[in-house]
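Below is one structure; the comments refer to it alone.
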Amino acid sequence: MRTLPHLRVLESESIHIFREVVAEFERPVMLYSIGKDSSVLVRLAQKAFWPGPIPFPLLHIDTTYKFREMTEFRDNFTREIGAKLIVHTNTKAIEEGANPFRLGTQKCCGLLKTQALLDALREGGYDAAFGGARREEEKSRAKERIYSFRDSHGQWDPKNQRPELWNLYNARIDKGETIRVFPLSNWTEVDVWQYIQQENIPVVPLYFAKSRSMIVRDGTLIPPEHNPPLGPGEQPEMVMSRMRSLGCTYCTGAVRSEADSVPRIIDELIHVRRSERENRVIDHDQDGSMELKKREGYF
Amino acid sequence: MAEKSLLRFSTAGSVDDGKSTLIGRLLYESRGVYEDQMASIENSGLNRSSGPLDFSLLTDGLRAEREQGITIDVAYRYFSTARRKFIIADTPGHEQYTRNMATGASTAQLAIVLIDARKGMLPQSKRHAYIASLLGIPRVVVAVNKMDLVDFRQDVFAAIEADFLAFARGLGFRETYFIPISALEGDNVVARSGRTPWFHGRTFLDYLETVPVEDADSDGPFRFPVQYVIRPSLNFRGYAGQIASGSIHPGDEVRVLPSGRSARVKEIATYDGALQEAFAPMSVILTLTDEIDISRGNMMVRADETPPAVARSLDATLVWMNDAPLEPGRSYLLKHTTRQVRATVRIVRCRIDVNTLDHEAPRDLKLNEIGAVTSDMPRPVFFDSYRENRGTGAFVLIDPFSNATLAAGMIRGVIANDQHRGPVSARERADRLGHEAAAIWLPGRRQLAMLLERDLFGQGAAVSTTESSANAQALTAAGLIAIVVSRDPPDDRLPLPELASEDEAALEQLMKTLEDSGVLHRADRFAGGEGI
């Protein structure tokens with residue numbers, strides 16, 4: 001009996017999922033968020049279809065509140081690997097003045113992310129969408145299927161999920177319905193970083209610690225990039241920090257960290273006991289808020 | 001980087017047997033819980049435990065469940081130690097959640113059965129053990145919990161051990177291991193307890209870290225369900241898939257099912273370079289020395305090993321998972337490896353009471369019930385018994401109308417093929433061909449007819465063009481798609497929209513009509529989902 005190392009087991013499972021989807025759906029797409037999980041997803045997709053190209057486009061939902069370094073990385077990375085990139089923005093909402101400072105994070109996220117995503121999926125006629133969500137990330141994701149069924153409004157019904165056994169995925173849908181597919185379901189944050197190290201996968205430099213300008217508010221580090229309103233007496237200061245997960249600048253707090261390389265990040269994760277989404281303002285805006293967002297169509 | 005192995009285990013338990021507390025403690029002590037998650041529990045104002053911290057809140061997920069105070073679905077948890085990564089499939093234990101237990105058990109290599117030391121073996125302990133055995137989990141660890149409430153008495157532990165062994169004798173586990181614990185107080189969970197000096201075995205975490213990992217059987221016969229054909233250029237044609245069992249090397253002779261044709265493996269190709277050996281559960285690409293026609297749903301096996309069974313009828317155990325009961329005779333979709341075929345259940349032979357393991361005379365099979373059935377497929381599947389091979393012995397049943405996943409199936413073996421005796425029916429023909437018979441009238445449009453015939457033929461359909469409307473009837477009676485170019489219309493022709501005068505546009509209209517009208521079976525299109 002030979003035993004594969006855990007990263008190889010996870011990799012094989014993910015590649016199997018990619019191939020199943022491409023074999024059984026007509027128009028798959030990958031939700032590409034530019035973060036580390038997306039970088040890993042892209043590598044797995046390359047492996048799944050090598051020596052052919054990735055047989056589906058990458059879709060980025062751009063809220064326009066992303067870090068400049070993210071957009072640069074996105075454009076370079078996708079060009080280098082020859083992937084087809086589609087960028088979608090809810091321009092109507094932005095023209096009408098949607099921003100997190102005015103609307104609050106919950107409403108802003110609903111318009112610029114969830115609504116934009118549902119529009120983009122519908123306009124593209126996509127029947128399956130890969131995402132990088134992992135079950136470990138958040139409680140409501142622990143019960144998410146690898147093939148997550150969404151009704152014709154893009155909504156998730158946690159009480160009525162299809163049973164999912166072995167590696168036999170039910171790909172049957174009717175017109176207008178979609179499946180969200182999560183090839184990284186069984187990966188943890190540490191697995192993702194170890195794989196990035198093992199495979200030498202490029203990631204956005206924002207993940208690595210350096211001295212950055214931050215607004216320090218109740219212990220949270222808020223990047224000032226899109227000029228959020230300052231509280232009385234607040235001034236950005238230089239803080240040795242890094243991003244643990246990437247989203248919109250205002251909603252992604254940085255964490256204080258000295259980890260400036262992949263091995264140091266892995267070391268930090270093994271020894272630091274704070275969950276990776278704690279810096280996400282949006283997960284905490286209401287009790288059980290991730291589950292509510294997911295029901296509405298959020299990834 | 002230190003290489004770790006990966007162990008998947010399942011737990012099943014009810015509200016008060018301490019399962020959530022045990023998992024919560026494992027996560028906490030192995031640093032699988034983060035400080036902010038702990039803080040959110042401390043601040044939640046809920047504490048159903050008698051200890052200072054309610055570990056069970058760490059593993060309760062969805063909002064509705066939090067309100068009801070129970071776990072109602074399979075939840076997956078993750079933690080790592082220096083030696084291993086663990087995936088826990090955490091499932092509810094009540095009888096009405098048998099389907100969830102089966103789901104969690106389907107991918108597990110080890111099952112944890114929790115027994116309350118005060119209560120001993122309960123019907124639910126037996127149910128958990130039975131479902132673990134049914135789903136082919138080779139090893140069980142029995143955690144006798146709440147030992148603190150029975151003063152850590154050895155005789156209580158020994159009696160439970162004896163009861164369990166007596167019950168499990170017929171279940172075919174490779175190993176059953178017993179550990180006395182207190183999940184609440186931590187005895188023998190991670191650290192050895194000073195209160196059980198009579199126990200010389202391993203602690204719970206020590207056992208999890210050292211039990212052999214047996215995932216897909218890399219020593220078994222080679223089984224390679226073809227998932228996808230990768231053909232980026234004329235120079236490369238590779239067959240992609242995940243090895244279900246066994247191993248393969250360049251030069252090995254493989255046989256392809258169902259055609260039975262043989263070829264040698266030219267290369268085990270991967271993005272990271274060619275391999276000298278590949279084994280289960282690796283995802284790889286195989287190239288062959290000879291060009292043979294292979295598509296999704298085919299299976300490669302090694303020519304020098306025991307072949308799988310090839311049959312159109314099989315005996316299986318089903319766990320029924322849908323509110324609508326099983327209907328014998330109704331057409332379902334059977335998804336097995338990378339192959340999807342139509343299937344009907346001919347007969348429910350018996351129903352198994354999950355509490356007593358008694359076999360009952362069946363009437364039907366309802367939600368959460370388990371039964372032994374005989375099933376018929378119009379096209380063959382290639383399989384091993386589930387006991388021998390979880391990868392090629394498992395299937396799910398899907399409702400072709402609601403698209404719901406109806407049942408999990410474990411194949412017990414082949415049965416004698418005693419059904420196809422009478423005349424072949426139109427239904428059987430359509431099921432085999434993957435499309436209905438139809439007459440398509442394209443008066444005078446010979447070029448369009450040729451394009452359509454080529455297109456359908458290329459996808460595996462049985463199709464023929466005729467000049468005579470009288471011939472059409474004979475063709476459709478044989479199950480074919482007949483394309484009629486004569487001036488006079490055939491009887492019973494397929495209604496068509498107003499066709500574009502330009503051939504390519506008209507062809508697109510025709511293909512769409514064939515799909516929308518149900519002539520072409522969707523998803524399960526043509527011969528077995530083949531032909532991507």
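Simple scheme: letters A, B, ... for chains in structure tokens order, numbers from 1 for residues in each chain, numbers from 1 for ligands in the order shown.
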Env of Asp206 in chain B: 8 Å cut, atoms = only C-alpha atoms, seq-sep filter 4 positions within chain, self excluded. Answer as a compact mmCIF listing (two decimals) with N, CA and C atoms, in the first residue's frame.
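This went into result_4.txt:
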# COMPACT_ATOMS: atom_id res chain seq x y z
N VAL B 190 -6.20 13.82 24.13
CA VAL B 190 -4.87 14.13 23.60
C VAL B 190 -3.83 13.57 24.57
N ARG B 202 -3.66 3.31 23.18
CA ARG B 202 -3.29 4.64 22.70
C ARG B 202 -4.38 5.67 23.05
N THR B 210 -1.65 7.51 14.11
CA THR B 210 -0.83 6.35 13.76
C THR B 210 -1.57 5.24 13.01
(request) Identify all chain A residues at most 8 Å from chain B by counting only C-alpha atoms; ligands do not count. Present them as a VMD selection string. (result) chain A and resid 1 to 6 8 to 9 12 to 13 15 to 16 19 to 20 23 to 24 46 to 47 49 to 53 135 to 136 139 to 140 142 to 144 162 to 166 168 170 172 to 173 186 188 273 to 275 278 288 291
(request) State, in Å with one decimal place, the distance from CA of Asp37 in chain A to CA of Gly247 in chain A. (result)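 Answer for the CA of Asp37 in chain A to CA of Gly247 in chain A separation: 12.2 Å.
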(message) Using Å and a single decimal, report how far CA of Gly170 in chain B sits from CA of His200 in chain B.
(response)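 It comes out at 26.8 Å.
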(message) Quick one: residues within 10 Å of range 374-381 of chain B, only C-alpha atoms, excluding same-chain residues fewer than 2 positions away - as a VMD selection string?
(response) chain B and resid 257 to 258 297 to 299 308 to 318 328 to 329 331 to 337 339 to 349 372 383 to 384 392 411 to 415 417 419 to 420 427 to 433 527 to 528
What would the file look like if the residues just selected were written as a compact mmCIF listing (two decimals), in the first residue's frame with C-alpha atoms?
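As written to disk, out_37.txt reads:
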# COMPACT_ATOMS: atom_id res chain seq x y z
CA LEU B 257 -14.13 -1.45 -21.74
CA PRO B 258 -16.61 -1.84 -23.28
CA GLY B 297 -17.42 6.62 -19.62
CA ASN B 298 -15.00 3.96 -20.90
CA MET B 299 -12.77 2.20 -18.40
CA PRO B 308 -14.28 -6.10 -13.58
CA ALA B 309 -17.77 -7.51 -14.11
CA VAL B 310 -19.58 -6.26 -17.20
CA ALA B 311 -23.33 -6.55 -16.82
CA ARG B 312 -26.71 -5.00 -17.50
CA SER B 313 -28.20 -6.18 -14.24
CA LEU B 314 -26.79 -5.99 -10.75
CA ASP B 315 -27.62 -6.52 -7.12
CA ALA B 316 -27.03 -3.54 -4.86
CA THR B 317 -27.79 -2.10 -1.47
CA LEU B 318 -29.47 1.29 -1.63
CA PRO B 328 -39.75 -0.10 -9.05
CA GLY B 329 -39.96 0.07 -12.84
CA SER B 331 -36.56 5.10 -15.16
CA TYR B 332 -33.71 6.65 -13.16
CA LEU B 333 -30.20 7.77 -14.06
CA LEU B 334 -27.44 5.68 -12.57
CA LYS B 335 -24.14 7.52 -12.19
CA HIS B 336 -21.22 5.19 -11.72
CA THR B 337 -17.54 6.18 -12.11
CA ARG B 339 -20.48 6.74 -16.73
CA GLN B 340 -24.14 7.61 -16.58
CA VAL B 341 -26.79 5.19 -17.81
CA ARG B 342 -30.53 4.76 -17.51
CA ALA B 343 -31.58 2.25 -14.88
CA THR B 344 -34.71 0.79 -13.38
CA VAL B 345 -35.09 -1.03 -10.09
CA ARG B 346 -36.71 -4.35 -10.90
CA ILE B 347 -37.39 -5.47 -7.37
CA VAL B 348 -36.71 -4.52 -3.76
CA ARG B 349 -35.58 -7.84 -2.32
CA ALA B 372 -31.30 -4.71 -1.20
CA PHE B 383 -17.90 -2.71 -11.90
CA ASP B 384 -16.44 -4.56 -8.95
CA THR B 392 -15.90 1.02 -8.97
CA ILE B 411 -22.97 -2.96 -5.68
CA ARG B 412 -23.11 -6.44 -4.19
CA GLY B 413 -22.55 -8.36 -7.40
CA VAL B 414 -23.88 -9.49 -10.74
CA ILE B 415 -27.09 -11.39 -11.13
CA ASN B 417 -29.40 -11.65 -16.86
CA GLN B 419 -34.89 -10.05 -18.22
CA HIS B 420 -34.36 -9.29 -21.90
CA ARG B 427 -38.02 2.30 -25.09
CA GLU B 428 -35.11 -0.13 -24.91
CA ARG B 429 -33.88 1.05 -28.31
CA ALA B 430 -34.10 4.71 -27.30
CA ASP B 431 -32.32 4.00 -24.02
CA ARG B 432 -29.50 2.24 -25.76
CA LEU B 433 -29.10 4.80 -28.57
CA ALA B 527 -23.81 6.27 -25.99
CA GLY B 528 -23.22 6.76 -22.31
(request) Write out as a count of residues only each polymer residue whose atoms come within 9 Å of range 91-95 of chain A, counting only C-alpha atoms; drop sequence neighbours fewer than 5 positions from it. (result) 5
(message) Using only C-alpha atoms, which protein or nucleic acid residues come within 8 Å of Glu360 in chain B? Drop anything in the same chain fewer than 6 positions from it, and give the result as a PyMOL selection string.
(response) chain B and resi 350-353
For C-alpha atoms, I'd like the residues from the last selection saved as a short mmCIF file (atom, residue, chain, number, x, y, z; two decimals), in the first residue's frame.
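Okay, again07.cif is ready:
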data_model
loop_
_atom_site.label_atom_id
_atom_site.label_comp_id
_atom_site.auth_asym_id
_atom_site.auth_seq_id
_atom_site.Cartn_x
_atom_site.Cartn_y
_atom_site.Cartn_z
CA CYS B 350 -35.56 -6.85 1.32
CA ARG B 351 -35.44 -3.86 3.58
CA ILE B 352 -32.92 -3.71 6.41
CA ASP B 353 -33.92 -2.32 9.79
#
(request) Tell me which protein, DNA and RNA residues are within 9 Å of range 186-189 of chain B, counting only C-alpha atoms, leaving out same-chain ones fewer than 4 positions away, and put them as a VMD selection string. (result) chain B and resid 22 25 to 26 147 to 148 179 to 182 193 to 196 202 to 206
Those residues with N, CA and C atoms, as a compact mmCIF listing (two decimals), in the first residue's frame please?
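Once everything was written out, this is result.txt:
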# COMPACT_ATOMS: atom_id res chain seq x y z
N LEU B 22 -16.30 16.42 21.84
CA LEU B 22 -15.06 15.71 21.50
C LEU B 22 -14.36 16.36 20.31
N ARG B 25 -12.97 19.72 21.23
CA ARG B 25 -11.75 19.61 22.02
C ARG B 25 -10.55 19.22 21.14
N LEU B 26 -10.77 18.30 20.20
CA LEU B 26 -9.69 17.92 19.28
C LEU B 26 -9.19 19.13 18.49
N MET B 147 -16.59 8.85 30.83
CA MET B 147 -16.04 7.94 31.82
C MET B 147 -15.98 8.60 33.20
N ASP B 148 -15.88 9.94 33.20
CA ASP B 148 -15.86 10.65 34.49
C ASP B 148 -17.16 10.42 35.26
N ILE B 179 -11.38 3.06 23.31
CA ILE B 179 -10.65 4.01 24.16
C ILE B 179 -11.61 4.62 25.18
N PRO B 180 -11.27 4.57 26.48
CA PRO B 180 -12.10 5.23 27.50
C PRO B 180 -11.74 6.71 27.57
N ILE B 181 -12.71 7.59 27.39
CA ILE B 181 -12.39 9.03 27.39
C ILE B 181 -13.40 9.85 28.19
N SER B 182 -13.02 11.07 28.48
CA SER B 182 -13.98 12.10 28.86
C SER B 182 -13.71 13.29 27.96
N SER B 193 -4.68 9.90 30.46
CA SER B 193 -5.33 10.23 31.72
C SER B 193 -4.72 9.44 32.88
N GLY B 194 -4.52 10.13 34.00
CA GLY B 194 -4.05 9.45 35.21
C GLY B 194 -5.19 8.70 35.89
N ARG B 195 -6.41 8.88 35.39
CA ARG B 195 -7.57 8.27 36.07
C ARG B 195 -7.96 6.93 35.45
N THR B 196 -7.24 6.51 34.39
CA THR B 196 -7.49 5.18 33.82
C THR B 196 -6.19 4.38 33.79
N ARG B 202 -3.66 3.31 23.18
CA ARG B 202 -3.29 4.64 22.70
C ARG B 202 -4.38 5.67 23.05
N THR B 203 -3.97 6.93 23.20
CA THR B 203 -4.98 7.98 23.38
C THR B 203 -5.67 8.20 22.03
N PHE B 204 -6.75 8.95 22.10
CA PHE B 204 -7.56 9.17 20.92
C PHE B 204 -6.73 9.81 19.78
N LEU B 205 -6.05 10.91 20.09
CA LEU B 205 -5.28 11.59 19.05
C LEU B 205 -4.11 10.73 18.58
N ASP B 206 -3.48 10.02 19.51
CA ASP B 206 -2.36 9.15 19.14
C ASP B 206 -2.84 8.09 18.15
(request) Return as an MDAnalysis selection string the full set of residues in range 132-212 of chain A whose backbone-based DSSP assignment is strand (DSSP E or B). (result) chainID A and resid 147:150 165 168 178:181 210:212
(request) Report the residues of range 96-198 of chain A whose backbone DSSP state falls under helix (DSSP H, G or I), written as a ChimeraX atom specification. (result) /A:100-103,105-124,135-137,139-143,158-160,189-198
Produce a file of the selected residues containing N, CA and C atoms, as a short mmCIF file (atom, residue, chain, number, x, y, z; two decimals), in the first residue's frame.
data_model
loop_
_atom_site.label_atom_id
_atom_site.label_comp_id
_atom_site.auth_asym_id
_atom_site.auth_seq_id
_atom_site.Cartn_x
_atom_site.Cartn_y
_atom_site.Cartn_z
N PRO A 100 -18.80 51.85 -0.11
CA PRO A 100 -18.98 51.28 1.22
C PRO A 100 -19.15 52.34 2.30
N PHE A 101 -18.60 53.54 2.05
CA PHE A 101 -18.66 54.58 3.08
C PHE A 101 -20.08 55.12 3.19
N ARG A 102 -20.76 55.22 2.05
CA ARG A 102 -22.10 55.79 2.05
C ARG A 102 -23.17 54.75 2.37
N LEU A 103 -23.03 53.55 1.75
CA LEU A 103 -24.10 52.54 1.85
C LEU A 103 -23.95 51.61 3.04
N THR A 105 -21.20 48.47 4.51
CA THR A 105 -20.54 47.37 3.81
C THR A 105 -21.54 46.35 3.28
N GLN A 106 -22.64 46.14 4.02
CA GLN A 106 -23.56 45.07 3.64
C GLN A 106 -24.24 45.36 2.30
N LYS A 107 -24.75 46.60 2.18
CA LYS A 107 -25.47 46.98 0.97
C LYS A 107 -24.51 47.09 -0.21
N CYS A 108 -23.34 47.64 0.07
CA CYS A 108 -22.33 47.83 -0.97
C CYS A 108 -21.94 46.48 -1.56
N CYS A 109 -21.69 45.52 -0.66
CA CYS A 109 -21.29 44.18 -1.07
C CYS A 109 -22.41 43.54 -1.90
N GLY A 110 -23.66 43.76 -1.47
CA GLY A 110 -24.79 43.21 -2.20
C GLY A 110 -24.86 43.70 -3.63
N LEU A 111 -24.55 44.99 -3.84
CA LEU A 111 -24.64 45.57 -5.18
C LEU A 111 -23.40 45.28 -6.02
N LEU A 112 -22.23 45.52 -5.43
CA LEU A 112 -21.00 45.48 -6.24
C LEU A 112 -20.43 44.07 -6.38
N LYS A 113 -20.80 43.18 -5.45
CA LYS A 113 -20.29 41.82 -5.58
C LYS A 113 -21.40 40.84 -5.97
N THR A 114 -22.39 40.66 -5.07
CA THR A 114 -23.40 39.64 -5.33
C THR A 114 -24.19 39.93 -6.59
N GLN A 115 -24.72 41.18 -6.70
CA GLN A 115 -25.53 41.51 -7.87
C GLN A 115 -24.70 41.45 -9.14
N ALA A 116 -23.48 41.99 -9.06
CA ALA A 116 -22.60 42.01 -10.23
C ALA A 116 -22.30 40.58 -10.68
N LEU A 117 -22.07 39.72 -9.70
CA LEU A 117 -21.76 38.32 -10.02
C LEU A 117 -22.94 37.64 -10.71
N LEU A 118 -24.13 37.82 -10.14
CA LEU A 118 -25.31 37.18 -10.72
C LEU A 118 -25.57 37.70 -12.14
N ASP A 119 -25.38 39.02 -12.33
CA ASP A 119 -25.55 39.60 -13.67
C ASP A 119 -24.55 39.00 -14.65
N ALA A 120 -23.29 38.93 -14.21
CA ALA A 120 -22.25 38.44 -15.11
C ALA A 120 -22.48 36.98 -15.49
N LEU A 121 -22.93 36.18 -14.52
CA LEU A 121 -23.18 34.78 -14.81
C LEU A 121 -24.33 34.64 -15.80
N ARG A 122 -25.36 35.46 -15.59
CA ARG A 122 -26.52 35.37 -16.48
C ARG A 122 -26.16 35.85 -17.89
N GLU A 123 -25.47 37.00 -17.94
CA GLU A 123 -25.11 37.54 -19.26
C GLU A 123 -24.22 36.59 -20.05
N GLY A 124 -23.33 35.90 -19.34
CA GLY A 124 -22.43 34.98 -20.03
C GLY A 124 -23.06 33.65 -20.34
N ARG A 135 -14.11 25.00 2.84
CA ARG A 135 -15.04 24.74 3.93
C ARG A 135 -14.47 25.20 5.27
N GLU A 136 -13.16 25.24 5.37
CA GLU A 136 -12.55 25.59 6.63
C GLU A 136 -12.74 27.06 6.97
N GLU A 137 -12.99 27.88 5.93
CA GLU A 137 -12.96 29.33 6.11
C GLU A 137 -13.98 29.88 7.10
N LYS A 139 -17.99 29.04 9.25
CA LYS A 139 -18.90 27.98 9.69
C LYS A 139 -19.94 27.55 8.66
N SER A 140 -20.59 28.52 7.98
CA SER A 140 -21.66 28.11 7.07
C SER A 140 -21.08 27.40 5.85
N ARG A 141 -19.78 27.61 5.58
CA ARG A 141 -19.16 26.92 4.45
C ARG A 141 -18.81 25.48 4.77
N ALA A 142 -18.83 25.12 6.05
CA ALA A 142 -18.46 23.75 6.44
C ALA A 142 -19.44 22.73 5.87
N LYS A 143 -20.66 23.19 5.55
CA LYS A 143 -21.67 22.27 5.06
C LYS A 143 -21.93 22.44 3.57
N PRO A 158 -29.67 26.15 2.08
CA PRO A 158 -28.86 25.22 2.89
C PRO A 158 -29.66 24.02 3.39
N LYS A 159 -30.99 24.16 3.45
CA LYS A 159 -31.80 23.06 3.97
C LYS A 159 -32.13 22.03 2.91
N ASN A 160 -31.89 22.38 1.67
CA ASN A 160 -32.31 21.49 0.60
C ASN A 160 -31.14 21.23 -0.35
N GLU A 189 -6.14 26.85 4.83
CA GLU A 189 -5.27 27.98 4.50
C GLU A 189 -3.80 27.53 4.47
N VAL A 190 -3.42 26.69 5.43
CA VAL A 190 -2.03 26.21 5.46
C VAL A 190 -1.73 25.34 4.23
N ASP A 191 -2.68 24.48 3.85
CA ASP A 191 -2.50 23.67 2.64
C ASP A 191 -2.23 24.56 1.43
N VAL A 192 -3.03 25.64 1.33
CA VAL A 192 -2.90 26.55 0.18
C VAL A 192 -1.50 27.15 0.14
N TRP A 193 -1.00 27.61 1.28
CA TRP A 193 0.34 28.21 1.30
C TRP A 193 1.43 27.18 1.07
N GLN A 194 1.24 25.99 1.62
CA GLN A 194 2.25 24.95 1.38
C GLN A 194 2.30 24.58 -0.09
N TYR A 195 1.14 24.57 -0.72
CA TYR A 195 1.08 24.25 -2.15
C TYR A 195 1.72 25.38 -2.96
N ILE A 196 1.47 26.63 -2.57
CA ILE A 196 2.08 27.77 -3.24
C ILE A 196 3.60 27.66 -3.17
N GLN A 197 4.09 27.22 -2.00
CA GLN A 197 5.53 27.04 -1.84
C GLN A 197 6.04 25.88 -2.71
N GLN A 198 5.37 24.76 -2.61
CA GLN A 198 5.80 23.57 -3.34
C GLN A 198 5.81 23.80 -4.85
#
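When only C-alpha atoms are used to measure the gap to Arg134 in chain A, the shortest distance among A:Val22, A:Ala171, A:Val181, A:Val29 belongs to A:Val181.
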(message) So that I can see what lies close to Val140 in chain B, please list as a ChimeraX atom specification the residues with an atom at most 12 Å from it, counting only C-alpha atoms and leaving out residues fewer than 2 positions away in the same chain.
(response) /B:9-12,105,108-114,125,128-133,136-138,142-143,164-165,168,171-179,207-208,211
(request) Find the residue from A:Ser38, A:Gln161, A:Asn200, A:Ser213 that sits nearest to Ser261 in chain A; use only C-alpha atoms when measuring. (result)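 Of A:Ser38, A:Gln161, A:Asn200, A:Ser213, the one nearest Ser261 in chain A is A:Asn200, counting only C-alpha atoms.
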